[in-house]
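Trainee: Got a file for you: final_2.cif, mmCIF, N, CA and C atoms.
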data_protein
loop_
_atom_site.group_PDB
_atom_site.id
_atom_site.type_symbol
_atom_site.label_atom_id
_atom_site.label_comp_id
_atom_site.auth_asym_id
_atom_site.auth_seq_id
_atom_site.Cartn_x
_atom_site.Cartn_y
_atom_site.Cartn_z
ATOM 1 N N MET Z 1 -11.292 257.799 36.553
ATOM 2 C CA MET Z 1 -11.468 258.931 35.674
ATOM 3 C C MET Z 1 -12.959 259.206 35.455
ATOM 4 N N PHE Z 2 -13.649 258.330 34.805
ATOM 5 C CA PHE Z 2 -15.081 258.485 34.569
ATOM 6 C C PHE Z 2 -15.850 257.429 35.349
ATOM 7 N N THR Z 3 -15.362 257.090 36.512
ATOM 8 C CA THR Z 3 -15.945 255.988 37.280
ATOM 9 C C THR Z 3 -17.375 256.261 37.704
ATOM 10 N N TYR Z 4 -17.773 257.524 37.734
ATOM 11 C CA TYR Z 4 -19.159 257.830 38.089
ATOM 12 C C TYR Z 4 -20.142 257.156 37.140
ATOM 13 N N LEU Z 5 -19.724 256.860 35.945
ATOM 14 C CA LEU Z 5 -20.607 256.196 34.982
ATOM 15 C C LEU Z 5 -20.843 254.734 35.329
ATOM 16 N N LEU Z 6 -19.936 254.139 36.083
ATOM 17 C CA LEU Z 6 -20.050 252.721 36.378
ATOM 18 C C LEU Z 6 -20.796 252.442 37.679
ATOM 19 N N LYS Z 7 -21.123 253.491 38.428
ATOM 20 C CA LYS Z 7 -21.848 253.300 39.676
ATOM 21 C C LYS Z 7 -23.332 253.162 39.369
ATOM 22 N N VAL Z 8 -23.912 252.087 39.880
ATOM 23 C CA VAL Z 8 -25.295 251.779 39.554
ATOM 24 C C VAL Z 8 -26.098 251.567 40.821
ATOM 25 N N ASP Z 9 -27.294 252.057 40.787
ATOM 26 C CA ASP Z 9 -28.237 251.786 41.858
ATOM 27 C C ASP Z 9 -28.591 250.300 41.792
ATOM 28 N N GLU Z 10 -28.704 249.678 42.945
ATOM 29 C CA GLU Z 10 -29.027 248.245 43.001
ATOM 30 C C GLU Z 10 -30.314 247.907 42.246
ATOM 31 N N ASP Z 11 -31.264 248.818 42.225
ATOM 32 C CA ASP Z 11 -32.552 248.570 41.580
ATOM 33 C C ASP Z 11 -32.554 248.961 40.097
ATOM 34 N N SER Z 12 -31.435 249.413 39.596
ATOM 35 C CA SER Z 12 -31.355 249.880 38.222
ATOM 36 C C SER Z 12 -31.591 248.731 37.246
ATOM 37 N N LYS Z 13 -32.214 249.043 36.143
ATOM 38 C CA LYS Z 13 -32.469 248.054 35.088
ATOM 39 C C LYS Z 13 -31.354 248.058 34.037
ATOM 40 N N ILE Z 14 -30.364 248.916 34.222
ATOM 41 C CA ILE Z 14 -29.279 249.038 33.263
ATOM 42 C C ILE Z 14 -28.243 247.945 33.535
ATOM 43 N N SER Z 15 -27.882 247.213 32.510
ATOM 44 C CA SER Z 15 -26.912 246.128 32.675
ATOM 45 C C SER Z 15 -25.496 246.672 32.786
ATOM 46 N N GLN Z 16 -24.627 245.878 33.363
ATOM 47 C CA GLN Z 16 -23.214 246.254 33.458
ATOM 48 C C GLN Z 16 -22.605 246.413 32.062
ATOM 49 N N HIS Z 17 -23.050 245.592 31.130
ATOM 50 C CA HIS Z 17 -22.549 245.714 29.754
ATOM 51 C C HIS Z 17 -22.932 247.065 29.159
ATOM 52 N N SER Z 18 -24.167 247.476 29.381
ATOM 53 C CA SER Z 18 -24.615 248.775 28.863
ATOM 54 C C SER Z 18 -23.848 249.915 29.515
ATOM 55 N N LEU Z 19 -23.594 249.789 30.800
ATOM 56 C CA LEU Z 19 -22.824 250.821 31.494
ATOM 57 C C LEU Z 19 -21.408 250.913 30.946
ATOM 58 N N ARG Z 20 -20.787 249.767 30.709
ATOM 59 C CA ARG Z 20 -19.429 249.776 30.155
ATOM 60 C C ARG Z 20 -19.420 250.376 28.760
ATOM 61 N N ARG Z 21 -20.412 250.053 27.968
ATOM 62 C CA ARG Z 21 -20.493 250.642 26.619
ATOM 63 C C ARG Z 21 -20.620 252.160 26.701
ATOM 64 N N GLU Z 22 -21.429 252.642 27.629
ATOM 65 C CA GLU Z 22 -21.600 254.084 27.818
ATOM 66 C C GLU Z 22 -20.293 254.717 28.307
ATOM 67 N N TYR Z 23 -19.603 254.009 29.179
ATOM 68 C CA TYR Z 23 -18.307 254.457 29.686
ATOM 69 C C TYR Z 23 -17.312 254.622 28.537
ATOM 70 N N VAL Z 24 -17.232 253.618 27.688
ATOM 71 C CA VAL Z 24 -16.323 253.675 26.542
ATOM 72 C C VAL Z 24 -16.740 254.781 25.588
ATOM 73 N N LYS Z 25 -18.025 254.937 25.369
ATOM 74 C CA LYS Z 25 -18.522 256.006 24.486
ATOM 75 C C LYS Z 25 -18.151 257.380 25.042
ATOM 76 N N THR Z 26 -18.284 257.562 26.338
ATOM 77 C CA THR Z 26 -17.946 258.839 26.963
ATOM 78 C C THR Z 26 -16.464 259.141 26.809
ATOM 79 N N ILE Z 27 -15.625 258.152 27.060
ATOM 80 C CA ILE Z 27 -14.181 258.357 26.905
ATOM 81 C C ILE Z 27 -13.842 258.617 25.446
ATOM 82 N N SER Z 28 -14.472 257.879 24.553
ATOM 83 C CA SER Z 28 -14.248 258.053 23.120
ATOM 84 C C SER Z 28 -14.577 259.490 22.698
ATOM 85 N N ASN Z 29 -15.686 260.003 23.181
ATOM 86 C CA ASN Z 29 -16.065 261.390 22.876
ATOM 87 C C ASN Z 29 -15.108 262.383 23.535
ATOM 88 N N TYR Z 30 -14.683 262.083 24.743
ATOM 89 C CA TYR Z 30 -13.786 262.959 25.501
ATOM 90 C C TYR Z 30 -12.471 263.176 24.766
ATOM 91 N N ILE Z 31 -11.938 262.124 24.174
ATOM 92 C CA ILE Z 31 -10.667 262.256 23.444
ATOM 93 C C ILE Z 31 -10.895 262.396 21.940
ATOM 94 N N ASN Z 32 -12.167 262.478 21.548
ATOM 95 C CA ASN Z 32 -12.536 262.657 20.143
ATOM 96 C C ASN Z 32 -11.889 261.586 19.264
ATOM 97 N N CYS Z 33 -12.139 260.346 19.638
ATOM 98 C CA CYS Z 33 -11.511 259.235 18.938
ATOM 99 C C CYS Z 33 -12.499 258.073 18.848
ATOM 100 N N LYS Z 34 -13.137 257.939 17.714
ATOM 101 C CA LYS Z 34 -14.172 256.918 17.551
ATOM 102 C C LYS Z 34 -13.622 255.499 17.453
ATOM 103 N N ASP Z 35 -12.326 255.352 17.151
ATOM 104 C CA ASP Z 35 -11.796 253.993 17.041
ATOM 105 C C ASP Z 35 -11.769 253.276 18.386
ATOM 106 N N LEU Z 36 -11.765 254.013 19.481
ATOM 107 C CA LEU Z 36 -11.830 253.370 20.795
ATOM 108 C C LEU Z 36 -13.120 252.578 20.925
ATOM 109 N N GLN Z 37 -14.216 253.202 20.584
ATOM 110 C CA GLN Z 37 -15.514 252.532 20.678
ATOM 111 C C GLN Z 37 -15.607 251.371 19.685
ATOM 112 N N ALA Z 38 -15.125 251.567 18.487
ATOM 113 C CA ALA Z 38 -15.164 250.498 17.470
ATOM 114 C C ALA Z 38 -14.318 249.298 17.905
ATOM 115 N N ASN Z 39 -13.140 249.560 18.456
ATOM 116 C CA ASN Z 39 -12.278 248.466 18.915
ATOM 117 C C ASN Z 39 -12.899 247.748 20.106
ATOM 118 N N TYR Z 40 -13.511 248.506 21.007
ATOM 119 C CA TYR Z 40 -14.184 247.886 22.156
ATOM 120 C C TYR Z 40 -15.313 246.979 21.669
ATOM 121 N N ASP Z 41 -16.119 247.482 20.746
ATOM 122 C CA ASP Z 41 -17.237 246.685 20.222
ATOM 123 C C ASP Z 41 -16.729 245.401 19.556
ATOM 124 N N PHE Z 42 -15.647 245.513 18.805
ATOM 125 C CA PHE Z 42 -15.063 244.337 18.160
ATOM 126 C C PHE Z 42 -14.669 243.294 19.211
ATOM 127 N N LEU Z 43 -13.962 243.737 20.255
ATOM 128 C CA LEU Z 43 -13.527 242.801 21.292
ATOM 129 C C LEU Z 43 -14.697 242.266 22.109
ATOM 130 N N PHE Z 44 -15.699 243.086 22.320
ATOM 131 C CA PHE Z 44 -16.893 242.621 23.038
ATOM 132 C C PHE Z 44 -17.551 241.486 22.249
ATOM 133 N N ASN Z 45 -17.691 241.675 20.952
ATOM 134 C CA ASN Z 45 -18.291 240.637 20.105
ATOM 135 C C ASN Z 45 -17.429 239.371 20.088
ATOM 136 N N GLU Z 46 -16.123 239.543 20.060
ATOM 137 C CA GLU Z 46 -15.228 238.382 20.114
ATOM 138 C C GLU Z 46 -15.389 237.642 21.442
ATOM 139 N N SER Z 47 -15.594 238.386 22.523
ATOM 140 C CA SER Z 47 -15.746 237.734 23.827
ATOM 141 C C SER Z 47 -17.049 236.946 23.898
ATOM 142 N N LEU Z 48 -18.113 237.474 23.286
ATOM 143 C CA LEU Z 48 -19.380 236.727 23.234
ATOM 144 C C LEU Z 48 -19.200 235.435 22.443
ATOM 145 N N LEU Z 49 -18.473 235.550 21.376
ATOM 146 C CA LEU Z 49 -18.207 234.388 20.542
ATOM 147 C C LEU Z 49 -17.391 233.347 21.312
ATOM 148 N N ALA Z 50 -16.366 233.802 22.010
ATOM 149 C CA ALA Z 50 -15.498 232.878 22.742
ATOM 150 C C ALA Z 50 -16.227 232.207 23.905
ATOM 151 N N ARG Z 51 -17.078 232.962 24.593
ATOM 152 C CA ARG Z 51 -17.733 232.401 25.778
ATOM 153 C C ARG Z 51 -19.005 231.639 25.465
ATOM 154 N N TYR Z 52 -19.803 232.158 24.524
ATOM 155 C CA TYR Z 52 -21.137 231.586 24.318
ATOM 156 C C TYR Z 52 -21.386 231.058 22.912
ATOM 157 N N LEU Z 53 -20.388 231.179 22.038
ATOM 158 C CA LEU Z 53 -20.533 230.796 20.632
ATOM 159 C C LEU Z 53 -21.698 231.523 19.971
ATOM 160 N N VAL Z 54 -21.838 232.782 20.323
ATOM 161 C CA VAL Z 54 -22.861 233.644 19.730
ATOM 162 C C VAL Z 54 -22.149 234.648 18.844
ATOM 163 N N ASN Z 55 -22.545 234.686 17.590
ATOM 164 C CA ASN Z 55 -21.941 235.572 16.615
ATOM 165 C C ASN Z 55 -23.021 236.435 15.979
ATOM 166 N N ARG Z 56 -23.106 237.683 16.398
ATOM 167 C CA ARG Z 56 -24.114 238.622 15.868
ATOM 168 C C ARG Z 56 -25.518 238.005 15.880
ATOM 169 N N ASN Z 57 -25.919 237.579 17.037
ATOM 170 C CA ASN Z 57 -27.248 237.009 17.292
ATOM 171 C C ASN Z 57 -27.464 235.629 16.680
ATOM 172 N N ASP Z 58 -26.436 235.038 16.091
ATOM 173 C CA ASP Z 58 -26.523 233.665 15.590
ATOM 174 C C ASP Z 58 -25.741 232.761 16.527
ATOM 175 N N ILE Z 59 -26.315 231.629 16.866
ATOM 176 C CA ILE Z 59 -25.617 230.650 17.685
ATOM 177 C C ILE Z 59 -24.903 229.693 16.751
ATOM 178 N N LEU Z 60 -23.601 229.550 16.956
ATOM 179 C CA LEU Z 60 -22.824 228.680 16.090
ATOM 180 C C LEU Z 60 -23.135 227.223 16.395
ATOM 181 N N GLU Z 61 -23.116 226.420 15.370
ATOM 182 C CA GLU Z 61 -23.434 225.001 15.504
ATOM 183 C C GLU Z 61 -22.171 224.156 15.547
ATOM 184 N N CYS Z 62 -21.180 224.612 16.304
ATOM 185 C CA CYS Z 62 -19.945 223.852 16.454
ATOM 186 C C CYS Z 62 -19.353 224.173 17.822
ATOM 187 N N SER Z 63 -18.334 223.438 18.198
ATOM 188 C CA SER Z 63 -17.675 223.702 19.467
ATOM 189 C C SER Z 63 -16.700 224.870 19.312
ATOM 190 N N ALA Z 64 -16.293 225.425 20.426
ATOM 191 C CA ALA Z 64 -15.303 226.498 20.402
ATOM 192 C C ALA Z 64 -14.003 226.002 19.764
ATOM 193 N N ARG Z 65 -13.630 224.774 20.093
ATOM 194 C CA ARG Z 65 -12.403 224.199 19.521
ATOM 195 C C ARG Z 65 -12.503 224.131 17.996
ATOM 196 N N GLU Z 66 -13.637 223.686 17.487
ATOM 197 C CA GLU Z 66 -13.817 223.612 16.030
ATOM 198 C C GLU Z 66 -13.784 225.012 15.410
ATOM 199 N N TYR Z 67 -14.480 225.938 16.040
ATOM 200 C CA TYR Z 67 -14.554 227.286 15.480
ATOM 201 C C TYR Z 67 -13.174 227.945 15.455
ATOM 202 N N TYR Z 68 -12.471 227.918 16.585
ATOM 203 C CA TYR Z 68 -11.191 228.611 16.670
ATOM 204 C C TYR Z 68 -10.073 227.894 15.914
ATOM 205 N N SER Z 69 -10.276 226.664 15.546
ATOM 206 C CA SER Z 69 -9.269 225.993 14.720
ATOM 207 C C SER Z 69 -9.225 226.626 13.331
ATOM 208 N N GLN Z 70 -10.276 227.351 12.961
ATOM 209 C CA GLN Z 70 -10.317 228.044 11.673
ATOM 210 C C GLN Z 70 -9.557 229.374 11.712
ATOM 211 N N TYR Z 71 -9.314 229.894 12.909
ATOM 212 C CA TYR Z 71 -8.604 231.161 13.042
ATOM 213 C C TYR Z 71 -7.143 230.978 12.649
ATOM 214 N N THR Z 72 -6.609 231.984 12.015
ATOM 215 C CA THR Z 72 -5.196 231.982 11.653
ATOM 216 C C THR Z 72 -4.444 232.888 12.628
ATOM 217 N N ASP Z 73 -3.147 232.870 12.528
ATOM 218 C CA ASP Z 73 -2.353 233.787 13.352
ATOM 219 C C ASP Z 73 -2.776 235.229 13.094
ATOM 220 N N LYS Z 74 -3.122 235.533 11.868
ATOM 221 C CA LYS Z 74 -3.545 236.886 11.502
ATOM 222 C C LYS Z 74 -4.808 237.288 12.288
ATOM 223 N N ASP Z 75 -5.735 236.360 12.458
ATOM 224 C CA ASP Z 75 -6.952 236.646 13.219
ATOM 225 C C ASP Z 75 -6.632 236.967 14.672
ATOM 226 N N PHE Z 76 -5.746 236.177 15.264
ATOM 227 C CA PHE Z 76 -5.371 236.413 16.661
ATOM 228 C C PHE Z 76 -4.552 237.690 16.810
ATOM 229 N N LEU Z 77 -3.729 238.000 15.824
ATOM 230 C CA LEU Z 77 -2.972 239.254 15.861
ATOM 231 C C LEU Z 77 -3.908 240.460 15.776
ATOM 232 N N LYS Z 78 -4.968 240.331 15.001
ATOM 233 C CA LYS Z 78 -5.949 241.411 14.898
ATOM 234 C C LYS Z 78 -6.586 241.675 16.263
ATOM 235 N N ILE Z 79 -6.919 240.621 16.972
ATOM 236 C CA ILE Z 79 -7.499 240.768 18.311
ATOM 237 C C ILE Z 79 -6.496 241.449 19.239
ATOM 238 N N ARG Z 80 -5.259 240.995 19.206
ATOM 239 C CA ARG Z 80 -4.221 241.594 20.045
ATOM 240 C C ARG Z 80 -4.024 243.071 19.710
ATOM 241 N N ASP Z 81 -4.035 243.402 18.418
ATOM 242 C CA ASP Z 81 -3.849 244.784 17.994
ATOM 243 C C ASP Z 81 -5.000 245.678 18.469
ATOM 244 N N LYS Z 82 -6.216 245.170 18.410
ATOM 245 C CA LYS Z 82 -7.369 245.942 18.896
ATOM 246 C C LYS Z 82 -7.222 246.237 20.386
ATOM 247 N N LEU Z 83 -6.787 245.249 21.129
ATOM 248 C CA LEU Z 83 -6.582 245.431 22.562
ATOM 249 C C LEU Z 83 -5.486 246.466 22.824
ATOM 250 N N GLU Z 84 -4.418 246.401 22.066
ATOM 251 C CA GLU Z 84 -3.324 247.364 22.213
ATOM 252 C C GLU Z 84 -3.792 248.783 21.868
ATOM 253 N N GLN Z 85 -4.620 248.915 20.838
ATOM 254 C CA GLN Z 85 -5.141 250.225 20.462
ATOM 255 C C GLN Z 85 -6.029 250.801 21.568
ATOM 256 N N ILE Z 86 -6.809 249.945 22.201
ATOM 257 C CA ILE Z 86 -7.643 250.395 23.318
ATOM 258 C C ILE Z 86 -6.759 250.898 24.459
ATOM 259 N N LYS Z 87 -5.715 250.165 24.760
ATOM 260 C CA LYS Z 87 -4.787 250.564 25.821
ATOM 261 C C LYS Z 87 -4.208 251.944 25.526
ATOM 262 N N ILE Z 88 -3.790 252.176 24.302
ATOM 263 C CA ILE Z 88 -3.212 253.462 23.910
ATOM 264 C C ILE Z 88 -4.237 254.584 24.084
ATOM 265 N N ARG Z 89 -5.455 254.355 23.637
ATOM 266 C CA ARG Z 89 -6.496 255.383 23.743
ATOM 267 C C ARG Z 89 -6.846 255.690 25.204
ATOM 268 N N LEU Z 90 -6.885 254.668 26.038
ATOM 269 C CA LEU Z 90 -7.175 254.899 27.452
ATOM 270 C C LEU Z 90 -6.038 255.666 28.124
ATOM 271 N N GLU Z 91 -4.814 255.392 27.720
ATOM 272 C CA GLU Z 91 -3.680 256.160 28.239
ATOM 273 C C GLU Z 91 -3.776 257.621 27.798
ATOM 274 N N GLN Z 92 -4.226 257.850 26.553
ATOM 275 C CA GLN Z 92 -4.408 259.223 26.071
ATOM 276 C C GLN Z 92 -5.474 259.950 26.894
ATOM 277 N N ALA Z 93 -6.558 259.256 27.169
ATOM 278 C CA ALA Z 93 -7.633 259.856 27.952
ATOM 279 C C ALA Z 93 -7.158 260.180 29.361
ATOM 280 N N GLN Z 94 -6.379 259.283 29.933
ATOM 281 C CA GLN Z 94 -5.868 259.501 31.279
ATOM 282 C C GLN Z 94 -4.938 260.711 31.308
ATOM 283 N N LYS Z 95 -4.063 260.840 30.321
ATOM 284 C CA LYS Z 95 -3.162 261.992 30.239
ATOM 285 C C LYS Z 95 -3.949 263.286 30.078
ATOM 286 N N LYS Z 96 -4.955 263.267 29.227
ATOM 287 C CA LYS Z 96 -5.770 264.462 29.012
ATOM 288 C C LYS Z 96 -6.495 264.847 30.303
ATOM 289 N N HIS Z 97 -6.996 263.861 30.997
ATOM 290 C CA HIS Z 97 -7.708 264.109 32.250
ATOM 291 C C HIS Z 97 -6.767 264.707 33.295
ATOM 292 N N LYS Z 98 -5.569 264.135 33.421
ATOM 293 C CA LYS Z 98 -4.587 264.651 34.381
ATOM 294 C C LYS Z 98 -4.161 266.067 34.018
ATOM 295 N N ALA Z 99 -3.960 266.316 32.738
ATOM 296 C CA ALA Z 99 -3.570 267.660 32.290
ATOM 297 C C ALA Z 99 -4.661 268.678 32.603
ATOM 298 N N GLY Z 100 -5.911 268.264 32.417
ATOM 299 C CA GLY Z 100 -7.029 269.151 32.737
ATOM 300 C C GLY Z 100 -7.117 269.453 34.215
ATOM 301 N N LYS Z 101 -6.856 268.442 35.044
ATOM 302 C CA LYS Z 101 -6.900 268.645 36.492
ATOM 303 C C LYS Z 101 -5.763 269.562 36.960
ATOM 304 N N SER Z 102 -4.582 269.386 36.390
ATOM 305 C CA SER Z 102 -3.444 270.196 36.827
ATOM 306 C C SER Z 102 -3.560 271.633 36.334
ATOM 307 N N SER Z 103 -4.223 271.856 35.206
ATOM 308 C CA SER Z 103 -4.379 273.239 34.707
ATOM 309 C C SER Z 103 -5.421 274.006 35.496
ATOM 310 N N LYS Z 104 -6.284 273.302 36.230
ATOM 311 C CA LYS Z 104 -7.295 273.973 37.053
ATOM 312 C C LYS Z 104 -6.748 274.430 38.392
ATOM 313 N N LYS Z 105 -5.547 273.956 38.735
ATOM 314 C CA LYS Z 105 -4.958 274.317 40.031
ATOM 315 C C LYS Z 105 -4.406 275.713 40.043
#
For this file, write the structure as C-alpha coordinates.
Mentor:
Amino acid sequence: MFTYLLKVDEDSKISQHSLRREYVKTISNYINCKDLQANYDFLFNESLLARYLVNRNDILECSAREYYSQYTDKDFLKIRDKLEQIKIRLEQAQKKHKAGKSSKK
(Lines of atoms letter the chains of each structure in order from A and count residues from 1; the text may use other names and numbers.)
(Lines give C-alpha, C1' and ligand atoms only; values in the text may rest on other atoms or scores of the structure.)
Protein backbone atom coordinates (compact mmCIF):
# COMPACT_ATOMS: atom_id res chain seq x y z
CA MET A 1 0.00 0.00 0.00
CA PHE A 2 2.48 2.66 1.14
CA THR A 3 5.54 0.53 0.52
CA TYR A 4 7.29 3.38 -1.26
CA LEU A 5 7.97 4.81 2.20
CA LEU A 6 9.96 1.76 3.23
CA LYS A 7 12.34 1.79 0.26
CA VAL A 8 15.66 3.26 1.28
CA ASP A 9 18.78 4.17 -0.55
CA GLU A 10 21.71 2.09 0.71
CA ASP A 11 23.58 5.29 1.63
CA SER A 12 20.63 6.80 3.48
CA LYS A 13 21.15 7.91 7.07
CA ILE A 14 17.51 7.19 7.92
CA SER A 15 17.05 4.17 10.17
CA GLN A 16 14.54 1.42 9.49
CA HIS A 17 12.82 2.35 12.75
CA SER A 18 12.38 5.94 11.57
CA LEU A 19 11.04 4.74 8.24
CA ARG A 20 8.52 2.47 9.95
CA ARG A 21 7.41 5.31 12.21
CA GLU A 22 6.90 7.52 9.15
CA TYR A 23 5.02 4.68 7.45
CA VAL A 24 2.67 4.34 10.42
CA LYS A 25 2.24 8.12 10.61
CA THR A 26 1.32 8.26 6.92
CA ILE A 27 -1.25 5.49 7.27
CA SER A 28 -2.58 7.09 10.45
CA ASN A 29 -3.09 10.37 8.59
CA TYR A 30 -4.55 8.57 5.56
CA ILE A 31 -7.34 7.02 7.62
CA ASN A 32 -7.51 10.01 9.98
CA CYS A 33 -6.95 7.87 13.03
CA LYS A 34 -4.31 8.92 15.54
CA ASP A 35 -4.74 5.86 17.75
CA LEU A 36 -2.86 3.79 15.16
CA GLN A 37 0.28 5.81 15.76
CA ALA A 38 -0.21 5.86 19.54
CA ASN A 39 -0.70 2.07 19.65
CA TYR A 40 2.35 1.52 17.44
CA ASP A 41 4.47 3.74 19.70
CA PHE A 42 3.25 1.86 22.77
CA LEU A 43 4.20 -1.51 21.25
CA PHE A 44 7.51 -0.16 19.97
CA ASN A 45 8.41 0.95 23.50
CA GLU A 46 7.32 -2.42 24.88
CA SER A 47 9.56 -4.16 22.34
CA LEU A 48 12.56 -2.05 23.42
CA LEU A 49 11.83 -2.97 26.98
CA ALA A 50 11.50 -6.68 26.18
CA ARG A 51 14.66 -6.86 24.07
CA TYR A 52 17.03 -4.39 25.71
CA LEU A 53 15.49 -3.57 29.11
CA VAL A 54 15.35 0.07 28.07
CA ASN A 55 12.38 2.01 29.35
CA ARG A 56 12.08 5.59 28.06
CA ASN A 57 15.85 6.09 27.92
CA ASP A 58 16.38 4.42 31.31
CA ILE A 59 18.15 1.09 31.51
CA LEU A 60 16.47 -1.20 33.99
CA GLU A 61 18.63 -2.69 36.70
CA CYS A 62 17.02 -6.13 36.67
CA SER A 63 16.64 -9.11 34.39
CA ALA A 64 13.78 -9.48 31.94
CA ARG A 65 12.48 -12.36 34.05
CA GLU A 66 12.42 -10.16 37.17
CA TYR A 67 10.80 -7.26 35.35
CA TYR A 68 8.08 -9.28 33.60
CA SER A 69 7.24 -11.20 36.76
CA GLN A 70 5.69 -7.90 37.90
CA TYR A 71 3.32 -7.84 34.91
CA THR A 72 -0.21 -9.00 35.52
CA ASP A 73 -2.59 -10.62 33.08
CA LYS A 74 -4.10 -7.16 32.64
CA ASP A 75 -0.73 -5.81 31.42
CA PHE A 76 -0.38 -8.58 28.84
CA LEU A 77 -4.00 -8.15 27.74
CA LYS A 78 -3.31 -4.45 27.17
CA ILE A 79 -0.43 -5.36 24.86
CA ARG A 80 -2.60 -7.86 23.00
CA ASP A 81 -5.40 -5.29 22.66
CA LYS A 82 -3.02 -2.68 21.23
CA LEU A 83 -1.84 -5.18 18.65
CA GLU A 84 -5.43 -6.06 17.75
CA GLN A 85 -6.31 -2.37 17.37
CA ILE A 86 -3.37 -1.90 15.01
CA LYS A 87 -4.57 -4.86 12.93
CA ILE A 88 -8.05 -3.33 12.67
CA ARG A 89 -6.69 0.06 11.62
CA LEU A 90 -4.42 -1.47 8.98
CA GLU A 91 -7.36 -3.42 7.59
CA GLN A 92 -9.33 -0.14 7.43
CA ALA A 93 -6.49 1.52 5.54
CA GLN A 94 -6.26 -1.39 3.14
CA LYS A 95 -10.02 -1.26 2.44
CA LYS A 96 -9.88 2.49 1.89
CA HIS A 97 -6.93 2.10 -0.46
CA LYS A 98 -8.67 -0.64 -2.47
CA ALA A 99 -11.88 1.40 -2.66
CA GLY A 100 -9.91 4.38 -3.93
CA LYS A 101 -8.20 2.28 -6.59
CA SER A 102 -11.46 0.73 -7.79
CA SER A 103 -13.24 4.11 -7.99
CA LYS A 104 -10.50 5.41 -10.30
CA LYS A 105 -11.21 2.69 -12.86
Trainee: Given the file above and the PyMOL selection byres (((chain Z and resi 81-88 and name CA) around 9) and name CA), which residues are selected, and can you give them as a ChimeraX atom specification?
Mentor: /Z:35-37,39-40,42-43,76-80,89-93
Trainee: Run DSSP on the backbone and give me the residues of chain Z it puts in strand (DSSP E), as a PyMOL selection string.
Mentor: chain Z and resi 54-55+58-59
Trainee: Excluding Leu53 in chain Z and residues on its chain fewer than 3 positions from it, collect all residues at most 12 Å away from it, counting only C-alpha atoms, and give them as a VMD selection string.
Mentor: chain Z and resid 45 to 50 56 to 68
Trainee: State, in Å with one decimal place, the distance from atom N of Asp41 in chain Z to atom C of Lys74 in chain Z.
Mentor: 17.4 Å
Trainee: Suppose you want the space between CA of Leu19 in chain Z and CA of Lys34 in chain Z; what is it in Å?
Mentor: 17.5 Å
Trainee: What does the distance between CA of Asp73 in chain Z and CA of Cys33 in chain Z come to in Å, to one decimal place?
Mentor: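 We find that CA of Asp73 in chain Z and CA of Cys33 in chain Z lie 27.6 Å from each other.
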Trainee: Quick one: pick out all helix (DSSP H, G or I) residues within chain Z from a backbone DSSP run and write them as an NGL selection string.
Mentor: :Z and (3-6 or 16-30 or 34-52 or 64-68 or 73-103)
